[in-house]
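Chemist: Following this message is one structure expressed as structure tokens.
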Amino acid sequence: MSRYYTYNQHLQDKYGAKTYKLPVNLLLTCPNRDGVLSTGGCAYCGSKGASFEEASVTSVKEQLLEIKEPIANKYKAEKFIAYFQNFTNTYLPLEELKDNVAQALEVEGIVELAFATRPDCINKEYLEAMLAVIEQQAPETNLTLELGLQTANYHILKSINRGHTLAEFIDAVLTAREYGVGVGVHLILNLPGDSREDAIENAKLLSALQVDNVKLHALYIREDTRFGELYQQGKLDLISLEEYIERVILFLEHLDPQIAVQRLLGKAPREGSLFVNWGYDYWTVHNRILDELEKRNIEQGQKFDYLQGKALTKFS
Ligand code: SF4
């Protein structure tokens, strides 16, 4: 029995079958890199964007068909989510986006489309258009946005050059909610300057907004980034693995138990990276977090009692 609500369990509950993500990598860019907002990108973002896998030039449908069988066989998956994962997947002309949606819907077994994107790259017009294609082609299919927030600390959002604020993130979540679109959120719990209080505030924010799922990342440092430069100059303060584990625990304790957790930390390539998960492999860190949750008897949502006018309990 897991001590937090895993994404796998969430998908099983939602779709009644083993459901897996099929990654789609497109040749895209991002307004924080192409000059619309800035050319530098986020301080941690390498030239390949948020994903380290090579983007493919093959079509959406071809990519999905190619990967579907191997994933089905390996994980005994019966249903699938088309996951548009790298860079900013709604940052393209509307017709192109609609075509991507349409292609994904042509693949049998797809029950959900998930688009990783920035909070400032979604609006009502785009959502309505995407939903219209779904309605026409496969109305049972769900649409989810995976929004990069990284931290609720708006001072840190500025210092890492995210190019959007906390308010824009909240606006994107509320807009998605208005249309019945699911929301996942990506967070980095160890951004330089962030604290344990920020980890808690992240959990409180996502709980108050009732998002569907969250993916946690530990910051990794790529060579070709602003953080890479600072790291090589010895000017980047990174917290220890023990402190990261404390923050994950605090985050989980304060997170609404109904919000699914996709990951407790991210994966990153060693090549071209200066710092990845304190030199440990993904599973070692993952299992250390699980051990600590077990040892301290901690479960997700143990401290989730701060909403609904908590202070008024004095009078009841
Ligand atoms: S928003 Fe994503 S793709 Fe764009 S610069 Fe930041 S991390 Fe990179």
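By convention in this document, the chains of the structure tokens carry letters A, B, ... by their order, each chain's residues are numbered from 1, and ligands are numbered from 1 in the order they are shown.
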Find the residues near range 114-127 of chain A: any atom within 6 Å, counting only C-alpha atoms, skip ones fewer than 3 places away on the same chain, and give them as a list in words.

Modeler: Tyr83, Phe84, Gln85, Thr88, Asn89, Tyr91, Met130, Thr144, Leu145, Glu146, Leu147, Gly148, Phe169 and Ala172 of chain A

Chemist: Run DSSP on the backbone and tell me which residues of range 3-135 of chain A come out as strand (DSSP E); list them as a ChimeraX atom specification.

Modeler: /A:19-24,79-84,110-117

Chemist: Write the residues you've just listed into a file as a compact mmCIF listing (two decimals), in the first residue's frame, and include C-alpha atoms for each of them.

Modeler:
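Saved as again.txt:
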# COMPACT_ATOMS: atom_id res chain seq x y z
CA THR A 19 -3.07 2.91 -18.57
CA TYR A 20 0.27 4.22 -19.81
CA LYS A 21 1.60 7.39 -21.31
CA LEU A 22 2.93 7.26 -24.86
CA PRO A 23 5.42 10.12 -25.37
CA VAL A 24 5.22 12.35 -28.43
CA LYS A 79 -5.30 2.05 -22.49
CA PHE A 80 -3.05 4.95 -23.39
CA ILE A 81 -2.43 8.64 -22.94
CA ALA A 82 -0.83 10.54 -25.81
CA TYR A 83 1.67 12.69 -23.93
CA PHE A 84 3.04 15.68 -25.82
CA ILE A 110 -6.04 6.50 -26.60
CA VAL A 111 -8.25 7.65 -23.74
CA GLU A 112 -6.56 10.93 -22.90
CA LEU A 113 -4.41 13.61 -24.49
CA ALA A 114 -1.94 15.35 -22.18
CA PHE A 115 -0.14 18.49 -23.33
CA ALA A 116 2.88 19.80 -21.43
CA THR A 117 2.87 23.56 -21.75

Chemist: Quick one: residues within 10 Å of Ala77 in chain A, only C-alpha atoms, excluding same-chain residues fewer than 4 positions away - as a tab-separated table (two decimals) with N, CA and C atoms, in the first residue's frame?

Modeler:
chain	number	residue	atom	x	y	z
A	17	ALA	N	-8.39	0.28	-15.95
A	17	ALA	CA	-7.45	-0.62	-16.64
A	17	ALA	C	-6.06	-0.02	-16.54
A	18	LYS	N	-5.07	-0.86	-16.78
A	18	LYS	CA	-3.71	-0.36	-16.77
A	18	LYS	C	-3.52	0.63	-17.92
A	19	THR	N	-3.14	1.83	-17.58
A	19	THR	CA	-3.07	2.91	-18.57
A	19	THR	C	-1.67	3.52	-18.56
A	20	TYR	N	-1.10	3.69	-19.72
A	20	TYR	CA	0.27	4.22	-19.81
A	20	TYR	C	0.37	5.40	-20.74
A	21	LYS	N	1.34	6.24	-20.44
A	21	LYS	CA	1.60	7.39	-21.31
A	21	LYS	C	2.47	6.98	-22.50
A	68	LYS	N	3.38	2.32	-29.21
A	68	LYS	CA	2.24	1.72	-28.52
A	68	LYS	C	2.44	0.22	-28.24
A	69	GLU	N	2.82	-0.54	-29.24
A	69	GLU	CA	2.94	-1.99	-29.05
A	69	GLU	C	4.00	-2.36	-28.01
A	70	PRO	N	5.22	-1.77	-28.14
A	70	PRO	CA	6.24	-2.10	-27.13
A	70	PRO	C	5.77	-1.79	-25.71
A	71	ILE	N	5.09	-0.66	-25.53
A	71	ILE	CA	4.64	-0.29	-24.17
A	71	ILE	C	3.53	-1.24	-23.72
A	72	ALA	N	2.63	-1.57	-24.64
A	72	ALA	CA	1.54	-2.49	-24.30
A	72	ALA	C	2.12	-3.83	-23.85
A	73	ASN	N	3.12	-4.31	-24.58
A	73	ASN	CA	3.71	-5.61	-24.25
A	73	ASN	C	4.50	-5.57	-22.96
A	109	GLY	N	-7.23	3.05	-28.68
A	109	GLY	CA	-6.83	2.84	-27.28
A	109	GLY	C	-6.44	4.11	-26.55

Chemist: For ligand 1, return the neighbouring residues as an NGL selection string (distance at most 7 Å; only C-alpha atoms and all ligand atoms).

Modeler: :A and (29-33 or 41-42 or 44-46 or 49-50 or 87-88 or 118 or 162)

Chemist: Could you please determine the separation between CA of Ile200 in chain A and CA of Phe304 in chain A in Å, to one decimal place?

Modeler: 10.4 Å

Chemist: Please identify all polymer residues within 7 Å of range 247-258 of chain A, counting only C-alpha atoms, omitting same-chain residues fewer than 6 positions from it, and present them as a ChimeraX atom specification.

Modeler: /A:5,189,196,199-200,203-204,207,299-304

Chemist: Calculated over only C-alpha atoms, which of the candidates A:Thr151, A:Thr175, A:Ser240, A:Gln233 has the smallest distance to Leu205 in chain A?

Modeler: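 That would be A:Thr151, the residue with the smallest distance to Leu205 in chain A.
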
Chemist: If I take CA of Phe275 in chain A and CA of Ile221 in chain A, how far is one from the other in Å, to one decimal?

Modeler: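 Between CA of Phe275 in chain A and CA of Ile221 in chain A the gap is 5.0 Å.
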
Chemist: Could you pull out the alpha helix (DSSP H) residues of range 61-180 of chain A from DSSP and send them as a VMD selection string?

Modeler: chain A and resid 61 to 75 94 to 105 124 to 137 154 to 159 166 to 178

Chemist: I'd like the interatomic distance between CA of Tyr280 in chain A and CA of Asp194 in chain A, to a tenth of an Å.

Modeler: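 Answer for the CA of Tyr280 in chain A to CA of Asp194 in chain A separation: 22.2 Å.
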